[in-house]
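Listing of work_18.txt; format and content: compact mmCIF, C-alpha atoms.
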```
# COMPACT_ATOMS: atom_id res chain seq x y z
CA MET H 1 -1.12 28.26 26.15
CA PRO H 2 -4.59 28.09 24.56
CA LEU H 3 -5.86 24.57 24.07
CA ASN H 4 -6.67 23.59 20.52
CA PRO H 5 -9.30 20.86 20.47
CA VAL H 6 -9.46 18.69 17.36
CA ALA H 7 -11.14 15.47 16.36
CA CYS H 8 -9.06 12.86 14.56
CA PRO H 9 -10.37 12.62 10.97
CA ASP H 10 -9.69 8.84 10.94
CA CYS H 11 -11.07 7.79 14.34
CA ASP H 12 -12.99 10.81 15.71
CA LEU H 13 -11.12 10.84 19.02
CA LEU H 14 -11.38 14.23 20.66
CA GLN H 15 -8.03 15.56 21.81
CA ASN H 16 -6.04 18.73 22.32
CA ILE H 17 -3.06 19.60 20.16
CA PRO H 18 -0.29 20.78 22.46
CA HIS H 19 2.10 23.57 21.55
CA LEU H 20 4.43 22.11 18.94
CA PRO H 21 8.06 23.08 18.61
CA PRO H 22 9.25 23.70 15.01
CA GLN H 23 9.27 20.55 12.83
CA ALA H 24 7.32 18.60 15.45
CA LYS H 25 4.33 16.41 14.57
CA ALA H 26 1.28 15.65 16.66
CA ARG H 27 -0.22 12.21 16.13
CA CYS H 28 -3.60 10.91 17.19
CA ARG H 29 -3.10 9.07 20.48
CA ARG H 30 -5.51 6.34 19.43
CA CYS H 31 -4.93 5.61 15.73
CA GLY H 32 -1.63 7.36 15.02
CA LYS H 33 -2.90 9.71 12.28
CA VAL H 34 -0.78 12.85 11.93
CA LEU H 35 -3.02 15.65 13.19
CA ALA H 36 -0.71 18.65 12.96
CA ILE H 37 2.81 19.53 11.91
CA ASN H 38 4.48 22.78 12.82
CA ARG H 39 6.59 23.80 9.86
CA PRO H 40 7.76 27.40 10.19
CA ARG H 41 7.34 29.38 6.93
CA ALA H 42 5.70 26.32 5.35
CA ASN H 43 3.53 28.27 2.95
CA GLU H 44 6.24 30.69 1.83
CA ARG H 45 8.25 27.64 0.75
CA THR H 46 5.17 26.11 -0.85
CA LEU H 47 4.58 29.27 -2.91
CA ALA H 48 8.13 29.12 -4.28
CA LEU H 49 7.74 25.41 -5.07
CA ALA H 50 4.34 25.95 -6.69
CA ILE H 51 5.66 28.70 -8.98
CA GLY H 52 8.50 26.38 -9.95
CA ALA H 53 5.98 23.61 -10.57
CA ALA H 54 3.91 25.92 -12.80
CA ILE H 55 6.96 26.61 -15.00
CA VAL H 56 7.94 22.94 -15.16
CA PHE H 57 4.32 21.97 -15.87
CA THR H 58 4.28 24.29 -18.90
CA LEU H 59 7.49 22.69 -20.20
CA ALA H 60 6.20 19.18 -19.53
CA ASN H 61 3.08 19.87 -21.57
CA GLY H 62 4.55 22.12 -24.23
CA PHE H 63 7.34 19.82 -25.40
CA PRO H 64 7.15 16.27 -26.77
CA LEU H 65 7.47 13.54 -24.16
CA MET H 66 9.02 11.08 -26.53
CA GLY H 67 9.21 10.15 -30.13
CA LEU H 68 9.96 7.11 -32.15
CA SER H 69 11.56 6.57 -35.50
CA VAL H 70 10.99 3.66 -37.82
CA ALA H 71 12.24 3.29 -41.37
CA GLY H 72 13.06 6.97 -41.65
CA ARG H 73 9.70 8.13 -40.27
CA GLU H 74 9.34 9.92 -36.99
CA VAL H 75 6.38 10.42 -34.69
CA ASP H 76 6.25 12.09 -31.31
CA THR H 77 3.66 12.75 -28.66
CA THR H 78 2.97 15.23 -25.89
CA ILE H 79 1.08 14.38 -22.69
CA MET H 80 -2.16 15.71 -24.15
CA GLY H 81 -1.44 13.72 -27.31
CA GLY H 82 -1.83 10.55 -25.24
CA ALA H 83 -5.40 11.53 -24.38
CA TRP H 84 -6.18 12.96 -27.82
CA MET H 85 -5.34 9.81 -29.77
CA MET H 86 -7.42 7.77 -27.33
CA TRP H 87 -10.32 10.15 -27.99
CA GLN H 88 -9.95 9.84 -31.75
CA GLU H 89 -9.86 6.07 -31.54
CA GLY H 90 -13.30 6.05 -29.97
CA GLN H 91 -12.47 5.75 -26.25
CA GLN H 92 -13.71 9.17 -25.17
CA MET H 93 -14.37 8.23 -21.53
CA THR H 94 -10.91 6.78 -21.02
CA ALA H 95 -9.40 9.73 -22.91
CA ALA H 96 -11.16 12.15 -20.55
CA LEU H 97 -9.83 10.24 -17.53
CA VAL H 98 -6.27 10.37 -18.92
CA ALA H 99 -6.62 14.10 -19.61
CA ILE H 100 -7.96 14.74 -16.10
CA CYS H 101 -5.29 12.74 -14.26
CA ALA H 102 -2.36 13.79 -16.44
CA VAL H 103 -3.09 17.42 -17.30
CA ILE H 104 -6.24 19.01 -15.88
CA ALA H 105 -5.93 17.93 -12.22
CA PRO H 106 -2.22 18.89 -11.92
CA ALA H 107 -2.98 22.23 -13.62
CA ILE H 108 -5.82 22.96 -11.18
CA TYR H 109 -3.76 21.80 -8.20
CA ILE H 110 -0.78 23.99 -9.03
CA SER H 111 -2.68 27.11 -10.17
CA PHE H 112 -5.26 27.09 -7.37
CA THR H 113 -2.53 26.53 -4.78
CA ILE H 114 -0.66 29.59 -6.11
CA VAL H 115 -3.82 31.76 -6.09
CA VAL H 116 -4.73 30.60 -2.57
CA LEU H 117 -1.22 31.27 -1.23
CA ILE H 118 -0.92 34.72 -2.83
CA THR H 119 -4.40 35.96 -1.89
CA SER H 120 -4.08 34.75 1.68
CA ARG H 121 -0.85 36.76 1.95
CA TRP H 122 -2.50 39.91 0.61
CA TYR H 123 -5.88 39.82 2.28
CA ARG H 124 -6.31 39.16 5.97
CA PRO H 125 -8.89 37.81 6.39
CA ALA H 126 -8.86 36.12 3.01
CA PRO H 127 -12.20 36.16 1.14
CA VAL H 128 -14.53 33.17 1.37
CA TRP H 129 -13.73 31.99 -2.17
CA VAL H 130 -10.13 31.32 -1.15
CA GLY H 131 -11.42 28.50 1.06
CA GLU H 132 -13.48 27.17 -1.84
CA LEU H 133 -10.42 27.22 -4.15
CA LEU H 134 -8.43 25.43 -1.47
CA LEU H 135 -11.00 22.62 -1.41
CA TRP H 136 -10.83 22.37 -5.20
CA ALA H 137 -7.03 22.23 -5.00
CA GLU H 138 -7.25 19.37 -2.50
CA LEU H 139 -9.70 17.49 -4.72
CA ALA H 140 -7.47 18.03 -7.76
CA HIS H 141 -4.47 16.77 -5.79
CA GLU H 142 -6.15 13.39 -5.32
CA TRP H 143 -6.63 13.03 -9.08
CA ALA H 144 -3.26 14.44 -10.17
CA MET H 145 -1.25 11.36 -11.08
CA ALA H 146 1.98 12.59 -12.67
CA GLU H 147 4.02 9.85 -10.97
CA VAL H 148 1.69 7.06 -12.13
CA MET H 149 1.77 8.52 -15.63
CA MET H 150 5.58 8.55 -15.59
CA LEU H 151 5.71 4.84 -14.74
CA GLY H 152 3.09 4.23 -17.44
CA ILE H 153 5.26 6.04 -19.98
CA LEU H 154 8.28 3.91 -19.00
CA VAL H 155 6.29 0.70 -19.45
CA ALA H 156 4.99 2.01 -22.80
CA LEU H 157 8.57 2.76 -23.87
CA VAL H 158 9.71 -0.76 -23.06
CA LYS H 159 6.77 -2.17 -25.01
CA ILE H 160 7.63 -0.03 -28.03
CA ALA H 161 11.42 -0.36 -27.82
CA ASP H 162 11.27 -3.70 -29.66
CA LEU H 163 9.46 -2.16 -32.60
CA ALA H 164 11.26 1.10 -33.09
CA THR H 165 13.97 3.45 -31.87
CA VAL H 166 12.65 5.58 -29.04
CA ILE H 167 13.74 9.19 -28.56
CA VAL H 168 13.22 10.72 -25.12
CA GLY H 169 12.04 14.34 -25.27
CA VAL H 170 12.26 17.48 -23.13
CA GLY H 171 8.74 16.84 -21.83
CA MET H 172 9.93 13.66 -20.13
CA PHE H 173 12.61 15.41 -18.08
CA ALA H 174 10.19 18.19 -17.20
CA THR H 175 7.66 15.59 -16.06
CA GLY H 176 10.32 14.05 -13.80
CA ALA H 177 10.97 17.47 -12.24
CA LEU H 178 7.22 18.05 -11.92
CA ILE H 179 6.79 14.86 -9.88
CA VAL H 180 9.51 15.98 -7.45
CA LEU H 181 8.00 19.48 -7.10
CA ILE H 182 4.41 18.24 -6.62
CA THR H 183 5.61 15.86 -3.90
CA MET H 184 7.49 18.69 -2.19
CA ILE H 185 4.40 20.93 -2.36
CA ALA H 186 2.31 18.20 -0.75
CA VAL H 187 4.88 17.75 2.02
CA ASN H 188 5.28 21.47 2.77
CA PHE H 189 1.81 22.90 2.24
CA ASP H 190 -0.03 23.66 5.48
CA PRO H 191 -3.71 24.27 4.60
CA GLU H 192 -4.58 24.84 8.28
CA LYS H 193 -2.71 28.15 8.14
CA ILE H 194 -4.85 29.22 5.18
CA TRP H 195 -8.05 28.18 6.94
CA ALA H 196 -7.00 30.22 9.96
CA GLN H 197 -7.06 33.32 7.72
CA VAL H 198 -10.12 32.65 5.61
CA GLN H 199 -13.24 34.66 6.37
CA TRP H 200 -16.02 32.40 7.64
CA VAL H 201 -19.16 32.07 5.55
CA GLY H 202 -21.23 33.50 8.36
CA SER H 203 -24.63 31.86 8.08
CA VAL H 204 -23.83 29.83 11.15
CA THR H 205 -25.97 26.96 12.27
CA SER H 206 -23.27 25.18 14.18
CA GLU H 207 -21.18 26.54 16.96
CA PRO H 208 -17.43 26.24 16.29
CA VAL H 209 -15.27 24.63 18.91
CA GLY H 210 -11.84 24.55 17.31
CA GLY H 211 -10.39 26.56 14.47
CA LEU H 212 -9.04 29.39 16.56
CA ARG H 213 -5.52 28.36 15.77
CA THR H 214 -3.42 30.65 17.87
CA GLY H 215 -0.84 27.97 18.55
CA GLY H 216 2.86 28.00 17.97
CA ASP H 217 2.97 28.27 14.19
CA ARG H 218 1.80 31.88 14.08
CA GLU H 219 4.54 32.98 16.46
CA ALA H 220 7.16 31.05 14.57
CA GLU H 221 6.25 32.96 11.42
CA LYS H 222 7.00 36.37 12.88
CA MET K 1 -15.45 18.09 27.37
CA ILE K 2 -12.78 15.63 28.37
CA ALA K 3 -10.45 15.53 25.41
CA GLY K 4 -8.64 12.29 24.67
CA GLU K 5 -11.28 10.13 26.28
CA THR K 6 -14.21 10.20 23.95
CA SER K 7 -15.14 10.60 20.32
CA ALA K 8 -16.28 13.94 18.98
CA MET K 9 -19.65 12.40 18.12
CA ARG K 10 -20.28 11.37 21.74
CA ALA K 11 -19.47 14.95 22.76
CA GLY K 12 -21.98 16.28 20.21
CA LEU K 13 -19.20 17.64 17.97
CA ALA K 14 -18.43 17.01 14.32
CA LEU K 15 -15.34 17.61 12.24
CA CYS K 16 -16.05 19.26 8.89
CA ARG K 17 -14.93 16.80 6.23
CA HIS K 18 -13.93 19.68 3.96
CA CYS K 19 -12.15 22.25 6.09
CA ARG K 20 -11.60 20.16 9.25
CA LEU K 21 -13.20 22.67 11.62
CA LEU K 22 -14.67 21.16 14.77
CA SER K 23 -18.22 22.39 15.48
CA ARG K 24 -21.08 21.59 17.80
CA ILE K 25 -23.98 19.88 16.03
CA ASP K 26 -27.26 21.66 16.59
CA THR K 27 -29.78 18.89 17.16
CA THR K 28 -32.82 21.14 16.83
CA GLY K 29 -32.32 21.93 13.15
CA SER K 30 -32.44 19.28 10.44
CA VAL K 31 -29.24 20.08 8.55
CA ASN K 32 -26.06 21.60 9.95
CA TYR K 33 -23.60 23.68 7.98
CA CYS K 34 -19.95 24.30 8.76
CA PRO K 35 -19.63 27.92 9.91
CA ARG K 36 -16.23 28.27 8.23
CA CYS K 37 -16.59 26.72 4.76
CA GLY K 38 -20.39 26.48 4.53
CA HIS K 39 -20.55 22.81 3.54
CA GLU K 40 -22.90 20.36 5.12
CA LEU K 41 -21.81 19.13 8.50
CA ALA K 42 -22.59 15.67 9.87
CA TYR K 43 -21.17 13.27 12.44
CA ARG K 44 -20.43 10.66 9.74
CA ARG K 45 -20.47 10.64 5.98
CA HIS K 46 -24.02 10.07 4.75
CA ASP K 47 -24.91 6.42 4.11
CA ALA K 48 -21.21 5.61 3.90
CA ILE K 49 -21.78 1.86 4.22
CA GLN K 50 -24.49 1.59 1.55
CA ARG K 51 -22.72 3.90 -0.89
CA THR K 52 -19.38 2.15 -0.50
CA TRP K 53 -21.05 -1.23 -1.03
CA ALA K 54 -22.78 0.08 -4.16
CA LEU K 55 -19.48 1.39 -5.56
CA ILE K 56 -17.47 -1.77 -4.87
CA ILE K 57 -20.20 -4.02 -6.29
CA ALA K 58 -20.23 -1.88 -9.44
CA ALA K 59 -16.41 -2.05 -9.55
CA ALA K 60 -16.45 -5.84 -9.08
CA ILE K 61 -18.87 -6.19 -12.00
CA CYS K 62 -16.61 -4.05 -14.22
CA TYR K 63 -13.55 -6.02 -13.08
CA LEU K 64 -14.60 -9.06 -15.13
CA PRO K 65 -14.88 -7.41 -18.59
CA ALA K 66 -11.82 -5.31 -17.71
CA ASN K 67 -9.76 -8.49 -17.51
CA LEU K 68 -11.55 -10.62 -20.10
CA LEU K 69 -11.95 -8.12 -22.94
CA PRO K 70 -8.96 -6.98 -25.01
CA VAL K 71 -7.57 -3.58 -24.03
CA MET K 72 -5.45 -2.97 -27.11
CA LYS K 73 -5.22 -4.03 -30.72
CA SER K 74 -1.84 -3.84 -32.38
CA THR K 75 -1.46 -4.04 -36.14
CA THR K 76 1.84 -4.62 -37.90
CA LEU K 77 2.69 -5.67 -41.44
CA VAL K 78 2.63 -9.30 -40.34
CA GLY K 79 -0.85 -9.17 -38.88
CA ALA K 80 -3.01 -7.93 -36.05
CA SER K 81 -3.39 -9.09 -32.47
CA GLU K 82 -5.61 -8.14 -29.57
CA ASP K 83 -4.27 -8.17 -26.03
CA THR K 84 -6.00 -8.40 -22.70
CA ILE K 85 -4.33 -6.94 -19.60
CA ILE K 86 -2.91 -10.34 -18.64
CA GLY K 87 -1.82 -10.82 -22.26
CA GLY K 88 0.10 -7.54 -22.04
CA VAL K 89 1.78 -8.70 -18.83
CA ILE K 90 2.81 -12.01 -20.43
CA LEU K 91 4.15 -10.17 -23.48
CA LEU K 92 6.23 -7.90 -21.25
CA TYR K 93 7.54 -10.94 -19.38
CA LEU K 94 8.46 -12.75 -22.61
CA THR K 95 10.22 -9.73 -24.10
CA GLY K 96 12.58 -9.82 -21.16
CA SER K 97 11.56 -7.16 -18.67
CA TRP K 98 10.10 -9.26 -15.89
CA HIS K 99 10.37 -6.39 -13.39
CA LEU K 100 8.01 -4.27 -15.44
CA ALA K 101 5.75 -7.26 -16.02
CA LEU K 102 5.55 -7.71 -12.25
CA ILE K 103 4.82 -4.01 -11.68
CA VAL K 104 2.02 -4.04 -14.25
CA LEU K 105 0.64 -7.29 -12.83
CA ILE K 106 0.56 -5.83 -9.32
CA ALA K 107 -0.83 -2.45 -10.38
CA SER K 108 -3.45 -3.68 -12.84
CA VAL K 109 -4.63 -7.02 -11.53
CA MET K 110 -3.73 -7.33 -7.87
CA ILE K 111 -4.23 -3.78 -6.55
CA PRO K 112 -7.85 -3.44 -7.80
CA LEU K 113 -8.70 -6.89 -6.44
CA ALA K 114 -6.97 -6.19 -3.12
CA LYS K 115 -8.83 -2.87 -2.87
CA LEU K 116 -12.19 -4.53 -3.45
CA MET K 117 -11.49 -7.25 -0.89
CA SER K 118 -10.09 -4.81 1.70
CA LEU K 119 -13.05 -2.46 1.44
CA ALA K 120 -15.49 -5.39 1.61
CA TYR K 121 -13.66 -6.65 4.72
CA LEU K 122 -13.82 -3.18 6.33
CA LEU K 123 -17.53 -2.87 5.52
CA ILE K 124 -18.37 -6.32 6.86
CA THR K 125 -16.44 -5.81 10.10
CA VAL K 126 -18.07 -2.39 10.59
CA GLN K 127 -21.52 -3.88 9.96
CA ARG K 128 -20.80 -6.67 12.44
CA ARG K 129 -19.82 -3.98 14.95
CA SER K 130 -16.40 -5.52 15.40
CA THR K 131 -14.13 -3.93 17.99
CA LYS K 132 -11.12 -6.07 17.17
CA SER K 133 -7.88 -4.93 15.54
CA ASN K 134 -9.07 -1.37 14.96
CA GLN K 135 -5.49 -0.17 14.55
CA GLU K 136 -4.85 -2.68 11.78
CA ARG K 137 -8.13 -1.90 10.06
CA VAL K 138 -7.53 1.85 9.97
CA ARG K 139 -4.02 1.14 8.63
CA LEU K 140 -5.53 -1.10 5.94
CA TYR K 141 -7.88 1.75 5.01
CA ARG K 142 -4.99 4.21 4.69
CA LEU K 143 -3.11 1.72 2.53
CA VAL K 144 -6.15 1.31 0.25
CA GLU K 145 -6.41 5.11 -0.07
CA PHE K 146 -2.70 5.41 -0.80
CA ILE K 147 -2.16 2.67 -3.38
CA GLY K 148 -5.45 3.09 -5.27
CA ARG K 149 -4.07 5.58 -7.77
CA TRP K 150 -1.43 3.13 -9.01
CA SER K 151 -4.01 0.98 -10.73
CA MET K 152 -4.31 3.81 -13.29
CA LEU K 153 -0.94 2.57 -14.60
CA ASP K 154 -2.28 0.43 -17.44
CA VAL K 155 -4.59 3.20 -18.66
CA PHE K 156 -1.53 5.43 -19.13
CA VAL K 157 0.45 2.59 -20.74
CA ILE K 158 -2.27 2.03 -23.35
CA ALA K 159 -2.74 5.78 -23.90
CA PHE K 160 0.93 6.38 -24.69
CA VAL K 161 1.45 3.22 -26.74
CA VAL K 162 -1.59 4.23 -28.82
CA ALA K 163 -0.37 7.81 -29.14
CA LEU K 164 3.08 6.78 -30.36
CA VAL K 165 2.53 3.69 -32.44
CA GLN K 166 0.74 5.45 -35.28
CA ILE K 167 2.95 4.75 -38.27
CA LYS K 168 0.34 3.48 -40.67
CA PRO K 169 0.54 1.22 -42.60
CA LEU K 170 3.74 -0.07 -40.90
CA MET K 171 2.28 -0.40 -37.45
CA ALA K 172 -0.65 0.92 -35.46
CA ALA K 173 -2.15 0.48 -32.01
CA GLN K 174 -5.76 1.07 -31.05
CA PRO K 175 -7.52 0.98 -27.68
CA ARG K 176 -10.22 -1.64 -27.21
CA ALA K 177 -13.33 -1.77 -25.01
CA GLY K 178 -11.57 -3.53 -22.10
CA ILE K 179 -9.74 -0.33 -21.21
CA LEU K 180 -13.06 1.47 -20.63
CA PHE K 181 -14.10 -1.14 -18.05
CA PHE K 182 -10.65 -1.06 -16.56
CA ALA K 183 -10.81 2.73 -16.18
CA ALA K 184 -14.27 2.29 -14.62
CA VAL K 185 -12.82 -0.11 -12.02
CA VAL K 186 -10.13 2.44 -11.14
CA ILE K 187 -12.58 5.34 -10.79
CA LEU K 188 -15.16 3.33 -8.85
CA THR K 189 -12.62 1.96 -6.36
CA ILE K 190 -11.14 5.43 -5.79
CA PHE K 191 -14.64 6.81 -5.15
CA ALA K 192 -15.39 3.83 -2.89
CA ALA K 193 -12.31 4.54 -0.75
CA GLN K 194 -13.32 8.20 -0.47
CA THR K 195 -16.92 7.35 0.44
CA PHE K 196 -16.06 4.94 3.25
CA ASP K 197 -15.76 6.63 6.63
CA PRO K 198 -12.88 5.19 8.71
CA ARG K 199 -14.40 6.66 11.87
CA LEU K 200 -17.05 3.94 11.65
CA ILE K 201 -14.34 1.44 12.60
CA TRP K 202 -14.04 3.08 16.02
CA ASP K 203 -17.68 3.78 16.75
CA PHE K 204 -18.24 0.58 18.69
CA ALA K 205 -15.00 0.76 20.62
CA GLY K 206 -15.13 1.47 24.34
CA ASN K 207 -14.76 5.01 25.55
CA MET K 208 -11.01 4.92 25.17
CA GLU K 209 -9.53 1.92 23.49
CA LYS K 210 -6.08 1.40 24.86
CA ARG K 211 -3.38 1.89 22.33
CA ASN K 212 -0.78 -0.86 22.47
CA GLU K 213 1.86 0.87 24.49
```

Let me see whether you can do it: turn the structure in this file into structure tokens.
Amino acid sequence: MPLNPVACPDCDLLQNIPHLPPQAKARCRRCGKVLAINRPRANERTLALAIGAAIVFTLANGFPLMGLSVAGREVDTTIMGGAWMMWQEGQQMTAALVAICAVIAPAIYISFTIVVLITSRWYRPAPVWVGELLLWAELAHEWAMAEVMMLGILVALVKIADLATVIVGVGMFATGALIVLITMIAVNFDPEKIWAQVQWVGSVTSEPVGGLRTGGDREAEK
Amino acid sequence: MIAGETSAMRAGLALCRHCRLLSRIDTTGSVNYCPRCGHELAYRRHDAIQRTWALIIAAAICYLPANLLPVMKSTTLVGASEDTIIGGVILLYLTGSWHLALIVLIASVMIPLAKLMSLAYLLITVQRRSTKSNQERVRLYRLVEFIGRWSMLDVFVIAFVVALVQIKPLMAAQPRAGILFFAAVVILTIFAAQTFDPRLIWDFAGNMEKRNE
């Protein structure tokens, strides 16, 4: 069994990841950080989830989240509408932040994840830009806040409920489904398997020590 | 290389912070690049302590106007009122949903403050080269990273109230300057958590700190 040396990202302890049986986790022996999980067919499942998330994302953004009716008049808003009205009212910075966390970051996360998963299935080794897209997807994931937005919408609804009758729209249910799917993508996605297939940039100044992941997960995939 | 006994830095190795490849640092050159993803490679994040301090001081400065200035102005036929974040919490409490009031209070007021204090505590203990309670400190760091996003809650609340309550002249809601500072606190604390390097906590530990077994 080839040894697979890693350093813990949280405490820098050098250690070897042993061969992991399916569904097993390896934790850092010093700080307890999860260093590796062997999930057979993890990225096949992630691709299915990500395509589902893309469909649900379109619904969540294409249909009104909620509306309200007062004295015979009705208004409704989409997710982007939340940012747009903020922009029009003179809070462009805050509007941009809302748009990034509610729409742009989830869109990048889902679409880049799909592109990364499909190209790394087609091309072995995958081109260098796949690694770059993967890093962008990870960055977008940190700023994608669908679940925080959902709670924000609920609080907003309670605040408004005294003033007017609130109508819950299709977008709201789609957003609920989106939260579940994004969480499942995050749980299933194994970026290490992608990195193992990405072509290295080449202009090497540092000598690699790890990264030759020929551990158990590859065999489990066959 | 005796794995499990020493840190990667002591062995002359560095983990790429982008693609997590472990590489040997070449000490003859000035800058090292990760052979796999091509990004800069270093033992620790550059100037993590100074940058994190700068970000949390900036966030602490923004925290005051974020809480003192009104975040929203609501206009109805009866009149207009401007609410601060605390004012919004009190209003939610008075209108009967104390659970939501508590959630907003925790997310908007307590989480940003707790983040600032936790990061300051981590920075001070790292600067004092503390070797105590490393386990607890790294757990605190992970908690800060995990809960940080929830302080965005009030920004979304204001955004959607403003987007919906636009039935002029019956009623209208407008954002106010406080929300800009509040958003700044959220962004700055998230950046601060990303800039801090938790590996600094362990750098002064002995060769292998015993895990409580």

What are the centre and edge lengths in Å, to one decimal, of the axis-aligned box around all listed atoms of range 152-159 of chain H with 8 Å added on each side, as lines of an AutoDock Vina configuration file?
```
center_x = 6.4
center_y = 1.9
center_z = -21.2
size_x = 22.6
size_y = 24.2
size_z = 23.6
```

Within 12 Å of Leu151 in chain H, counting all atoms listed in the file, which residues show up once you throw out same-chain ones fewer than 2 positions away? Write them as an NGL selection string, please.
(:H and (145-149 or 153-158 or 172 or 175-176 or 179)) or (:K and (100 or 103-104 or 107 or 150-157 or 160))

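Across K:Gln174, K:Thr6, K:Ser108, K:Gln50, the tightest approach to Met72 in chain K is made by K:Gln174 when counting all atoms listed in the file.
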
Closest atom pairs, chain K residues within 7 Å of chain H, only C-alpha atoms, as a tab-separated table:
```
residue	atom	partner	partner_atom	distance
K:Ala3	CA	H:Gln15	CA	4.3
K:Gly4	CA	H:Gln15	CA	4.4
K:Glu5	CA	H:Leu14	CA	7.0
K:Thr6	CA	H:Leu13	CA	5.9
K:Ser7	CA	H:Leu13	CA	4.2
K:Ala8	CA	H:Leu14	CA	5.2
K:Leu15	CA	H:Ala7	CA	6.3
K:His18	CA	H:Leu135	CA	6.8
K:Leu21	CA	H:Gly211	CA	5.6
K:Leu22	CA	H:Gly210	CA	5.1
K:Ser23	CA	H:Pro208	CA	4.0
K:Arg24	CA	H:Glu207	CA	5.0
K:Ile25	CA	H:Ser206	CA	5.7
K:Asp26	CA	H:Ser206	CA	5.8
K:Asn32	CA	H:Thr205	CA	5.8
K:Tyr33	CA	H:Thr205	CA	5.9
K:Cys34	CA	H:Ser206	CA	6.4
K:Pro35	CA	H:Val204	CA	4.8
K:Arg36	CA	H:Trp200	CA	4.2
K:Cys37	CA	H:Val201	CA	6.0
K:Gly38	CA	H:Val201	CA	5.8
K:Leu92	CA	H:Lys159	CA	6.9
K:Leu100	CA	H:Val155	CA	6.6
K:Gln135	CA	H:Cys31	CA	5.9
K:Trp150	CA	H:Val148	CA	5.9
K:Met152	CA	H:Val148	CA	6.9
K:Leu153	CA	H:Gly152	CA	5.2
K:Asp154	CA	H:Gly152	CA	6.6
K:Phe156	CA	H:Gly152	CA	5.1
K:Val157	CA	H:Gly152	CA	4.5
K:Ala159	CA	H:Gly82	CA	5.0
K:Phe160	CA	H:Gly82	CA	5.0
K:Val161	CA	H:Ala156	CA	5.4
K:Val162	CA	H:Met85	CA	6.8
K:Ala163	CA	H:Gly82	CA	5.0
K:Leu164	CA	H:Thr77	CA	6.2
K:Gln174	CA	H:Glu89	CA	6.5
K:Pro175	CA	H:Met86	CA	6.8
K:Leu180	CA	H:Thr94	CA	5.7
K:Ala183	CA	H:Thr94	CA	6.3
K:Pro198	CA	H:Asp10	CA	5.3
K:Arg199	CA	H:Cys11	CA	4.3
K:Trp202	CA	H:Cys11	CA	5.8
K:Arg211	CA	H:Arg30	CA	5.7
```

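The gap separating CA of Ile86 in chain K from CA of Arg176 in chain K is 14.2 Å, in Å to one decimal.
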
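Relative to CA of Phe196 in chain K, CA of Ala48 in chain K is found at 5.2 Å.
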
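Note that CA of Ile110 in chain H and CA of Ala42 in chain H are 15.9 Å apart.
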
For a quick check of understanding, using all atoms listed in the file, which of H:Ala186, H:Leu178, H:Val34, H:Ala99 has the smallest distance to Ala54 in chain H?
H:Leu178

Skip Ile201 in chain K itself and residues of its chain fewer than 5 positions away, then list as a list in words all residues within 8 Å of it, counting only C-alpha atoms.
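In the requested format, the answer is Cys11 of chain H; Leu122, Thr125, Val126, Ser130, Thr131, Asn134, Arg137 and Val138 of chain K.
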
So which residues touch Arg45 in chain H within 12 Å, counting all atoms listed in the file, skipping near sequence neighbours fewer than 6 positions away, as a list in words?
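Near neighbours after the sequence-gap exclusion: Arg39, Ile51, Gly52, Ile114, Leu117, Leu181, Met184, Ile185, Ala186, Val187, Asn188, Phe189 and Asp190 of chain H.
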
Would you be able to write out as a ChimeraX atom specification which residues have an atom within 7 Å of (-7.5, -8.0, -15.3) in the file's coordinates, counting only C-alpha atoms?
/K:63,66-68,85-86,108-109

Looking at K:Pro169, K:Gly148, K:Gly29, K:Pro112, which one is nearest to Gly79 in chain K, with distances taken over all atoms listed in the file?
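The answer is K:Pro169, which sits nearest to Gly79 in chain K.
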
Counting only C-alpha atoms, the residue among H:Leu133, H:Ala96, H:Val103, H:Ala126 that lies closest to Lys193 in chain H is H:Ala126

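In terms of minimum interatomic distance to Gly88 in chain K, K:Ile158 ranks closest within K:Ala193, K:Ile158, K:Leu170, K:Leu55, counting all atoms listed in the file.
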
With distances taken over all atoms listed in the file, which of H:Ala48, H:Ala24, H:Ala53, H:Asn4 is nearest to Val180 in chain H?
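Comparing H:Ala48, H:Ala24, H:Ala53, H:Asn4 against Val180 in chain H, the winner is H:Ala53.
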